[in-house]
There are 6 protein chains.
Amino acid sequence: MADQSLKLAVLHQNGWQLENIVDRLRAARSDWMALHGRSCEPDERELPSRKIMGEVVEALSGALFPMLLGPADLRLESEDFYVGHTLDAALNTLLQQICLELGHGLRPSLEIERQARSIVQDFALTLPQLRRLLDDDVMAAFRGDPAARSVDEVLLCYPGIVAIIHHRIAHHLYNAGLPLMARMTSELAHSATGIDIHPGARIGSSFFIDHGTGVVIGETAIIGDRVRIYQAVTLGAKRFDADDTGQLVKGQPRHPIVEDDVVIYAGATILGRITIGAGSSIGGNVWLTRSVPPGSNITQANLQNQAGKLG
Amino acid sequence: MADQSLKLAVLHQNGWQLENIVDRLRAARSDWMALHGRSCEPDERELPSRKIMGEVVEALSGALFPMLLGPADLRLESEDFYVGHTLDAALNTLLQQICLELGHGLRPSLEIERQARSIVQDFALTLPQLRRLLDDDVMAAFRGDPAARSVDEVLLCYPGIVAIIHHRIAHHLYNAGLPLMARMTSELAHSATGIDIHPGARIGSSFFIDHGTGVVIGETAIIGDRVRIYQAVTLGAKRFDADDTGQLVKGQPRHPIVEDDVVIYAGATILGRITIGAGSSIGGNVWLTRSVPPGSNITQANLQNQAGKLG
Amino acid sequence: MADQSLKLAVLHQNGWQLENIVDRLRAARSDWMALHGRSCEPDERELPSRKIMGEVVEALSGALFPMLLGPADLRLESEDFYVGHTLDAALNTLLQQICLELGHGLRPSLEIERQARSIVQDFALTLPQLRRLLDDDVMAAFRGDPAARSVDEVLLCYPGIVAIIHHRIAHHLYNAGLPLMARMTSELAHSATGIDIHPGARIGSSFFIDHGTGVVIGETAIIGDRVRIYQAVTLGAKRFDADDTGQLVKGQPRHPIVEDDVVIYAGATILGRITIGAGSSIGGNVWLTRSVPPGSNITQANLQNQAGKLG
Amino acid sequence: MADQSLKLAVLHQNGWQLENIVDRLRAARSDWMALHGRSCEPDERELPSRKIMGEVVEALSGALFPMLLGPADLRLESEDFYVGHTLDAALNTLLQQICLELGHGLRPSLEIERQARSIVQDFALTLPQLRRLLDDDVMAAFRGDPAARSVDEVLLCYPGIVAIIHHRIAHHLYNAGLPLMARMTSELAHSATGIDIHPGARIGSSFFIDHGTGVVIGETAIIGDRVRIYQAVTLGAKRFDADDTGQLVKGQPRHPIVEDDVVIYAGATILGRITIGAGSSIGGNVWLTRSVPPGSNITQANLQNQAGKLG
Amino acid sequence: MADQSLKLAVLHQNGWQLENIVDRLRAARSDWMALHGRSCEPDERELPSRKIMGEVVEALSGALFPMLLGPADLRLESEDFYVGHTLDAALNTLLQQICLELGHGLRPSLEIERQARSIVQDFALTLPQLRRLLDDDVMAAFRGDPAARSVDEVLLCYPGIVAIIHHRIAHHLYNAGLPLMARMTSELAHSATGIDIHPGARIGSSFFIDHGTGVVIGETAIIGDRVRIYQAVTLGAKRFDADDTGQLVKGQPRHPIVEDDVVIYAGATILGRITIGAGSSIGGNVWLTRSVPPGSNITQANLQNQAGKLG
Amino acid sequence: MADQSLKLAVLHQNGWQLENIVDRLRAARSDWMALHGRSCEPDERELPSRKIMGEVVEALSGALFPMLLGPADLRLESEDFYVGHTLDAALNTLLQQICLELGHGLRPSLEIERQARSIVQDFALTLPQLRRLLDDDVMAAFRGDPAARSVDEVLLCYPGIVAIIHHRIAHHLYNAGLPLMARMTSELAHSATGIDIHPGARIGSSFFIDHGTGVVIGETAIIGDRVRIYQAVTLGAKRFDADDTGQLVKGQPRHPIVEDDVVIYAGATILGRITIGAGSSIGGNVWLTRSVPPGSNITQANLQNQAGKLG
């Protein structure tokens, strides 16, 4: 019967005009390439992959803290075997990714590969020191949070630890001339934790971010040792300088300097190339665009008082 | 020996009273169904799946930007093949999901499937235009962030780009009468980026959200072209209207209108159906519930001054 | 020709000095163990795994809401089979994880396993009640958000629901003496939603968090029934008490008590062991460190007025 | 330097002439379609999938023997839950595959789906009886092999059991008018075991094939109860009848009938529509093309003697 | 309209009578348990898993031949790390499987676990010797096959090598009192290669099977050094001894003894506890049930001659 | 209590002496390297991977027969997109594998890569012709087997088709100077089907192997058009020539030539460089070491008659 003709008939009666759509998407890509002055040469190659960078960082985390961040069934007897095997795989993958970033848009050359290999070797040799730095970060979190029960809990659960592991790796890559891979690394942490630290930021030892969601730390920020920061703190730029043509000037120092032993409570916003003196305490929700001397204790209340006195 | 009786004996000595628990869970489901006036007919079917929507969006992203968001080993020669093959799979999956949403709670009918197919075809034909819109968003980010090194970095790393790709797809689905799939799509971006844009929001071209964590943009918000927004900005409702029975009235215009070329800095809260005039700048942490004319420059300081004058 | 010698020669010419790096990483681990007074005995075992806890919670979510959070192709006829099979697997996995947490650092004993089994059985028997609690949470969200179209949309899409499912499980684990697994569970939700609820917090029925990014609820907070909270709300500690040696005192009541029927709007910060009286409304961005009586309506404006009067 | 130009330059210098190859492959497909009188209409759909049939059989095996062929961590308490959940999924998948086979080349119709559903229901209802049949096959293997240590070993290890599980399912499908899915099922066993039983073959209870590699049992073979067969035995056709046009006549009875309680040793070749009488023993490497009465004991030696006497 | 009611209505109109089928399957299992005198106690646990044994053998193969059978991207520098890490995981998995086999049907006890651990340790310590034995097998294959181009080809491609790796592991397990795991191991090779070597068979050094499909070597066969065998060779039992009750007597020596330096060509069938003297050559398709002295050259032709002379 | 000390204590009391075992395995590898005169230089690289070759062949099969051997959800509209995308990925993977085989043991050079690229391009360009050849093989199977219901069944189910697809690819690789990858490819088919065709064998068009288990076709065999072969047929070497030192001479023509239109029934063994004349029929289990003229009809019976006459 005619009315028996069915769903499948509808579903597959005609296609999606794929040829048409594929053609118009190609045209859109061409226009974009033309706009950016790129030619479409067949030897153009891909860039590093965010997914692969995620795997590299996960492998490195396991190699740094094998019994806690490594595989669930690891035993002490084979800890070193695991570390060596995992490191080797991670470093080789890193090498390939670095070759892609360094070589992007250039003609391939032996020189690029020598440079990439050198970067990986340098990075690998700093890993033991990185582990010691991260141990100090873990201790800082344990000491700074009354809710922390054990260093294990800190390492396994705290988003601030995820963020600082990623940042210390990203910062190394950034300094090695790999801004794209550095940024991918920091955005992996941003997505997982809500903590957004630009890989360019310089951060001292024993650093602790609690809760963390909404923290933003800008590219040229400098942070001393033993600094503690809470959720939704911004260390940002006050304004962006533009050149004569109206283009933003990139790379200028424009974010705060936070000296040793400073605590910045939740929601504080600190903007511009100002200095927070050592040992200062910045209260919650404070809006700060001026330097403060060492030992300052800034709260909304005394800020308003000051404003009142000055007003 | 008795003391040899072991762990496994303990572990498996008795079960978990599964029958009991399963029965009581069934009772809880029945009570819920009864409460909502739903019958338990066997032809009731599932709803769209958030996981599958995530795969659809990932496939569409690859089809839109094959060399950057497609598979790591893609080459230019096979770009179109990849795009066509990926699109076809994504569109067919989308078709199935749409049938589920449109048909939920209804008797299955050919009409639903015709409607679903038509929605998919319309969506597919807009993809080239969507790509061009997203290219403009990428350029806006590159131009608006002094830390951005390249358009590639923007596309590969910036959470604001993830958010706007998802939003532009979600908004299309929302307009096509698919609020559930639209919301799933926007929540995927929310989870990955901390940026919460309701799929109903209307957003112009060259839109850029920097950092982004904590941004909330409500259902009836309208945003013009070339608008830039920073982290923790809220475009929210001031109050909810309730009807005579105390039920909230749904669908009323209740979020801000932001005209072209506005910049809204971090932490600003803008509430209610007010209008931010074209070219205005809204400072960090500003709390705004009144319309401002074009070209306004609103900061905490001048707001308080105004308040002082008015007070 | 000599100059034909190629990339691979470079890539594999020498290794990564792995022996050296592995040795130094081992030394770093030893130093850490020594610092924490831990011996390196071969019977030391791993801790619970965050990844496995994620799988447990996902399985439990499916068992609680099979047709919405279970597998995409589930049918009503096999709902109970799915629930029973999934529960059994999830409970056995949970048992193993609990044995790891309870036994960490102790000599293995039958007693630990009896205790773990008892915890799992208690938890399993509360699942039907948990489902009913969560049903109330879903209804609270549906009623509290004018943008919500259906209870299905709420359950499938809302981050606040993800957060409360995780919290109610985490809180049970916390009360059962499993702080590490509890914290892992809550951090899974934190990472996915930006909502950071400490597993120790006590939360009443019909709880709803809208948008949610940036919400922080502390360990000793107590929240009544029918409370509604928006994004970026903090229920935090005002100060941390330290003992004579300068160590933070852990476990003290230090977070707010929020009574029944309170609404707290976006960005409000409520600190210290204060009480928000039943039925109160706390406005957006309010900074509150004093108790308020039932029925209060606190906004930035009236707070400043009060401050003015008191000042 | 010019000689620095590298491998990557070579690798990506030019593509693979993909357009050319794709075009010529399309032409080859068109020619094949034309040869077979098939049109290329867009509503033509795929056939059942061998891979999916493998998953169905694996699921059914688990449902039939849950503690041995089901998941490794199954416990008795949840055995029925597992069986019900697994069956439901397997039967629904089977339904889809059957719709594909029945509907291939036809216009879709409700009738096809009713028929498919009826086949699945019939099959499902025979599963308990199938389990009992297979239990008898397992016992036959245990009793017939002096190397068998336990019925568990037989069920977990013996290729003959893999073959008979697949065959009994395949034969049901074959009788239900699904020759393609039936053949896929039997070829899965053939690939895994080297035992090639055509799904059309009729096999009685308590059947045992030992070692099995190289066994071939033809489409129209009929095998009684308690038959035992060793590796490399062929129950084949002696000749193929062709019709007037030279085409082979399909479906004719052309393979042996093996009555109850027969043993056929390794390498024996039995060809044509002959009958092996009940209780007979056919020796290794025997080549037999004539019927033998019940109770016969045929060996190479006495065959040659017979041949000699007859010769 | 009525005729709009659709496929989905049919598909989901009613279920599969799952309750009925699940009940009857349970009854079938109970009958089987009763028949075998097994009670259904909840502490009964599963047996070793064929799939897991496959993973163990694959891991051991990688540890034995890391650069050829290990992961594709292994490098010499990390060879030992890989070997140690892989071995540790494989040995721990093996330990769990052995506990299951040893403990099956028994009450769990510490003694079983001590025994399992001791078996694993013994096995682990023989691995270096096993590697040397397998090296000799590889050399035998390379020397014995004119088509072999390199030892690498032999190790990577030859089914005979797959078979002997599995056999030498299976034989160790068999001797350690683990007949089930041993049989699983040998059946894995049987399925992959068509070579069926019972784990009980004793095989000397430098053993080579070419092509291999259809080879069967029985449980009590004994094979000397430097023996070469071709496809479809059977070293089988001539008859099975039954006891007074008609039960087969298990474990009797009933398969051939093949002395050093024997070659057996394709299709030869050698049955019973006979001895093939050192250095003999057994021709293709020969059927042999009598011992032959060292240095014999047996072919079909001279066998028939002998038969003629004897006849 | 002492008797509380438990399983885990036993399990982890001591390790596996991993260092010892790893050391001795390294020694075994070194001895093997020394024996084969290989140095252990760090730039030595891996060989092609059997697993990867399996993926390449599967992808090529899909590209050749997209609607039958491609993905289950492929539709006609995107057939070419799928083919192009799949081919590109498969060819690039093939390129990498070829570089590994060609470069094994050599210093890396641009020349190797140029050669590999040229091989891949040649292979790619023959794919349309390969498809046509395989179409003829499918038709030969359909016409030659009375049990075949459709060409779809043949392509989806018949092991002989799996074997010939692999062989025709393997033979191309073999002729291109890649004996190792060729052998891997043919062994993949051997493992899946029990059909062992050496990649060197030359096979004409419309070739059909039925059932197939146990078929062996040697390296130098030459097979004409329209040849049909049944299970357990051997086309082997009669003897191996050794040189003065006793080493086997490799590469000599030593397997049969089978002319056009020959049928060889199950179990026939044909040995040596003999010729089976066109149109001949070789009966089951025949043992043949002499050439036969065109049109011969050889059976066991007439062979013995001949033998009798000659004897």
# chains A, B, ... in the order shown; residues from 1 in each chain; ligands from 1
>>> interface_residues(of="chain E", to="chain D", cutoff="8 Å", atoms="only C-alpha atoms", output="PyMOL selection string")
chain E and resi 6-7+10-11+16+18-19+21-22+24-26+28+32+42+44-47+49-50+179-180+183-184+187+190-192+194+196+213-214+216+219+240+247-251
>>> select_by_dssp(residues="region 90-225 of chain D", states="strand (DSSP E or B)", output="MDAnalysis selection string")
chainID D and resid 196:197 202:203 208:209 216:217 222:223
>>> write_last_selection(atoms="N, CA and C atoms", output="PDB file, in the first residue's frame")
ATOM      1  N   ASP D 196      34.516 -24.836   9.636  1.00  0.00           N
ATOM      2  CA  ASP D 196      33.659 -24.191   8.643  1.00  0.00           C
ATOM      3  C   ASP D 196      32.363 -24.987   8.522  1.00  0.00           C
ATOM      4  N   ILE D 197      31.358 -24.585   9.284  1.00  0.00           N
ATOM      5  CA  ILE D 197      30.052 -25.258   9.222  1.00  0.00           C
ATOM      6  C   ILE D 197      29.075 -24.336   8.510  1.00  0.00           C
ATOM      7  N   ARG D 202      22.126 -29.312   9.424  1.00  0.00           N
ATOM      8  CA  ARG D 202      21.267 -29.668  10.571  1.00  0.00           C
ATOM      9  C   ARG D 202      22.047 -30.584  11.495  1.00  0.00           C
ATOM     10  N   ILE D 203      22.233 -30.184  12.737  1.00  0.00           N
ATOM     11  CA  ILE D 203      23.099 -30.908  13.675  1.00  0.00           C
ATOM     12  C   ILE D 203      22.324 -31.241  14.935  1.00  0.00           C
ATOM     13  N   PHE D 208      30.190 -32.925  19.183  1.00  0.00           N
ATOM     14  CA  PHE D 208      31.532 -32.525  19.622  1.00  0.00           C
ATOM     15  C   PHE D 208      32.524 -32.591  18.468  1.00  0.00           C
ATOM     16  N   ILE D 209      33.208 -31.468  18.249  1.00  0.00           N
ATOM     17  CA  ILE D 209      34.308 -31.428  17.282  1.00  0.00           C
ATOM     18  C   ILE D 209      35.590 -31.203  18.073  1.00  0.00           C
ATOM     19  N   VAL D 216      35.089 -29.106   7.516  1.00  0.00           N
ATOM     20  CA  VAL D 216      34.138 -28.455   6.615  1.00  0.00           C
ATOM     21  C   VAL D 216      32.853 -29.272   6.606  1.00  0.00           C
ATOM     22  N   ILE D 217      31.740 -28.629   6.916  1.00  0.00           N
ATOM     23  CA  ILE D 217      30.444 -29.307   6.905  1.00  0.00           C
ATOM     24  C   ILE D 217      29.509 -28.520   5.988  1.00  0.00           C
ATOM     25  N   ILE D 222      23.235 -33.472   7.207  1.00  0.00           N
ATOM     26  CA  ILE D 222      22.345 -33.743   8.344  1.00  0.00           C
ATOM     27  C   ILE D 222      23.102 -34.630   9.311  1.00  0.00           C
ATOM     28  N   ILE D 223      23.201 -34.205  10.569  1.00  0.00           N
ATOM     29  CA  ILE D 223      23.998 -34.918  11.563  1.00  0.00           C
ATOM     30  C   ILE D 223      23.102 -35.272  12.742  1.00  0.00           C
TER      31      ILE D 223
END
>>> atom_distance(atom1="CA of Asn302 (chain D)", atom2="CA of Ile282 (chain D)")
10.9 Å
>>> atom_distance(atom1="CA of Ile52 (chain E)", atom2="CA of Gln97 (chain E)")
8.3 Å
>>> atom_distance(atom1="CA of Val263 (chain F)", atom2="CA of Arg239 (chain F)")
24.4 Å
>>> select_by_dssp(residues="region 217-310 of chain F", states="helix (DSSP H, G or I)", output="ChimeraX atom specification")
/F:300-310
>>> write_last_selection(atoms="N, CA, C and O atoms", output="mmCIF file, in the first residue's frame")
data_model
loop_
_atom_site.group_PDB
_atom_site.id
_atom_site.type_symbol
_atom_site.label_atom_id
_atom_site.label_comp_id
_atom_site.auth_asym_id
_atom_site.auth_seq_id
_atom_site.Cartn_x
_atom_site.Cartn_y
_atom_site.Cartn_z
ATOM 1 N N GLN F 300 42.351 -39.924 -7.185
ATOM 2 C CA GLN F 300 43.113 -40.935 -6.469
ATOM 3 C C GLN F 300 43.053 -42.266 -7.194
ATOM 4 O O GLN F 300 44.045 -42.963 -7.345
ATOM 5 N N ALA F 301 41.857 -42.589 -7.671
ATOM 6 C CA ALA F 301 41.661 -43.883 -8.310
ATOM 7 C C ALA F 301 42.553 -44.038 -9.544
ATOM 8 O O ALA F 301 43.362 -44.970 -9.637
ATOM 9 N N ASN F 302 42.449 -43.099 -10.467
ATOM 10 C CA ASN F 302 43.235 -43.309 -11.685
ATOM 11 C C ASN F 302 44.729 -43.136 -11.444
ATOM 12 O O ASN F 302 45.549 -43.716 -12.132
ATOM 13 N N LEU F 303 45.083 -42.367 -10.406
ATOM 14 C CA LEU F 303 46.498 -42.302 -10.051
ATOM 15 C C LEU F 303 47.004 -43.675 -9.632
ATOM 16 O O LEU F 303 48.084 -44.117 -10.035
ATOM 17 N N GLN F 304 46.196 -44.380 -8.780
ATOM 18 C CA GLN F 304 46.643 -45.685 -8.312
ATOM 19 C C GLN F 304 46.668 -46.698 -9.452
ATOM 20 O O GLN F 304 47.552 -47.549 -9.516
ATOM 21 N N ASN F 305 45.685 -46.518 -10.333
ATOM 22 C CA ASN F 305 45.734 -47.388 -11.506
ATOM 23 C C ASN F 305 47.029 -47.188 -12.259
ATOM 24 O O ASN F 305 47.740 -48.136 -12.593
ATOM 25 N N GLN F 306 47.318 -45.904 -12.482
ATOM 26 C CA GLN F 306 48.567 -45.605 -13.186
ATOM 27 C C GLN F 306 49.747 -46.201 -12.432
ATOM 28 O O GLN F 306 50.633 -46.824 -13.003
ATOM 29 N N ALA F 307 49.723 -45.958 -11.111
ATOM 30 C CA ALA F 307 50.823 -46.466 -10.302
ATOM 31 C C ALA F 307 50.910 -47.980 -10.453
ATOM 32 O O ALA F 307 51.993 -48.557 -10.615
ATOM 33 N N GLY F 308 49.729 -48.623 -10.436
ATOM 34 C CA GLY F 308 49.711 -50.076 -10.607
ATOM 35 C C GLY F 308 50.324 -50.496 -11.941
ATOM 36 O O GLY F 308 51.183 -51.381 -12.007
ATOM 37 N N LYS F 309 49.904 -49.761 -12.963
ATOM 38 C CA LYS F 309 50.429 -50.109 -14.297
ATOM 39 C C LYS F 309 51.934 -49.907 -14.369
ATOM 40 O O LYS F 309 52.665 -50.695 -14.949
ATOM 41 N N LEU F 310 52.343 -48.785 -13.740
ATOM 42 C CA LEU F 310 53.772 -48.479 -13.811
ATOM 43 C C LEU F 310 54.571 -49.362 -12.856
ATOM 44 O O LEU F 310 55.763 -49.598 -13.080
#
>>> residues_around(residues="region 293-298 of chain E", least_positions_apart="2", cutoff="6 Å", atoms="only C-alpha atoms", output="PyMOL selection string")
chain E and resi 277-283
>>> closest_residue(among="F:Ile98, F:Leu235, F:Leu188, F:Ile169", to="Ile119 (chain F)", atoms="only C-alpha atoms")
F:Ile98
>>> residues_around(residues="region 253-261 of chain E", least_positions_apart="5", cutoff="7 Å", atoms="only C-alpha atoms", output="ChimeraX atom specification")
/E:218,220-227,235-237,270-279
>>> write_last_selection(atoms="C-alpha atoms", output="compact mmCIF listing (two decimals), in the first residue's frame")
# COMPACT_ATOMS: atom_id res chain seq x y z
CA GLY E 218 48.77 -34.06 21.63
CA THR E 220 51.69 -36.46 26.01
CA ALA E 221 53.78 -35.97 22.88
CA ILE E 222 57.55 -35.60 23.40
CA ILE E 223 59.61 -33.80 20.76
CA GLY E 224 63.40 -33.60 20.69
CA ASP E 225 65.75 -30.84 19.55
CA ARG E 226 65.94 -29.40 16.03
CA VAL E 227 62.67 -30.94 14.87
CA LEU E 235 50.93 -36.20 16.44
CA GLY E 236 47.87 -37.86 17.89
CA ALA E 237 46.51 -40.70 19.97
CA ILE E 270 51.52 -40.13 13.40
CA LEU E 271 49.41 -41.89 15.99
CA GLY E 272 49.99 -43.64 19.30
CA ARG E 273 52.88 -43.96 21.76
CA ILE E 274 55.42 -44.79 19.09
CA THR E 275 58.93 -43.45 18.60
CA ILE E 276 60.27 -41.70 15.51
CA GLY E 277 64.00 -42.33 15.66
CA ALA E 278 66.49 -39.48 15.58
CA GLY E 279 67.24 -37.97 12.20
>>> decode(residues="region 95-155 of chain A", atoms="C-alpha atoms", output="compact mmCIF listing (two decimals), in the first residue's frame")
# COMPACT_ATOMS: atom_id res chain seq x y z
CA LEU A 95 59.85 16.83 20.22
CA GLN A 96 57.42 16.28 17.36
CA GLN A 97 55.09 19.00 18.58
CA ILE A 98 57.96 21.46 18.97
CA CYS A 99 59.13 20.74 15.43
CA LEU A 100 55.65 21.64 14.23
CA GLU A 101 55.54 24.93 16.10
CA LEU A 102 59.08 26.02 15.28
CA GLY A 103 58.72 25.02 11.64
CA HIS A 104 55.29 26.51 11.00
CA GLY A 105 55.35 28.64 7.87
CA LEU A 106 59.04 27.99 7.28
CA ARG A 107 60.80 25.68 4.93
CA PRO A 108 61.74 22.54 6.83
CA SER A 109 65.39 22.45 7.88
CA LEU A 110 67.77 20.45 9.95
CA GLU A 111 68.34 23.54 12.04
CA ILE A 112 64.77 23.53 13.32
CA GLU A 113 65.10 19.97 14.42
CA ARG A 114 68.38 20.55 16.18
CA GLN A 115 66.80 23.45 18.02
CA ALA A 116 63.73 21.39 18.98
CA ARG A 117 65.87 18.58 20.29
CA SER A 118 67.89 21.01 22.35
CA ILE A 119 64.74 22.48 23.88
CA VAL A 120 63.45 19.06 24.85
CA GLN A 121 66.76 18.06 26.40
CA ASP A 122 66.89 21.26 28.44
CA PHE A 123 63.35 20.76 29.58
CA ALA A 124 63.96 17.13 30.53
CA LEU A 125 66.95 18.02 32.65
CA THR A 126 64.92 20.50 34.68
CA LEU A 127 62.23 17.97 35.58
CA PRO A 128 63.79 16.93 38.92
CA GLN A 129 63.97 20.58 39.92
CA LEU A 130 60.39 21.04 38.75
CA ARG A 131 59.30 18.20 41.01
CA ARG A 132 60.94 19.93 44.00
CA LEU A 133 59.24 23.21 43.13
CA LEU A 134 55.88 21.48 42.92
CA ASP A 135 56.50 19.75 46.26
CA ASP A 136 56.81 23.21 47.76
CA ASP A 137 53.56 24.28 46.09
CA VAL A 138 51.81 21.25 47.56
CA MET A 139 53.14 22.09 51.03
CA ALA A 140 51.99 25.68 50.63
CA ALA A 141 48.48 24.49 49.84
CA PHE A 142 48.44 22.07 52.74
CA ARG A 143 49.58 24.74 55.15
CA GLY A 144 47.32 27.43 53.75
CA ASP A 145 43.97 25.63 53.75
CA PRO A 146 42.36 24.59 57.05
CA ALA A 147 40.18 22.14 55.11
CA ALA A 148 43.17 20.18 53.76
CA ARG A 149 43.51 16.81 55.46
CA SER A 150 46.71 15.55 53.88
CA VAL A 151 49.27 16.36 51.25
CA ASP A 152 47.83 13.48 49.27
CA GLU A 153 44.43 15.16 49.19
CA VAL A 154 46.07 18.36 47.98
CA LEU A 155 47.92 16.66 45.16
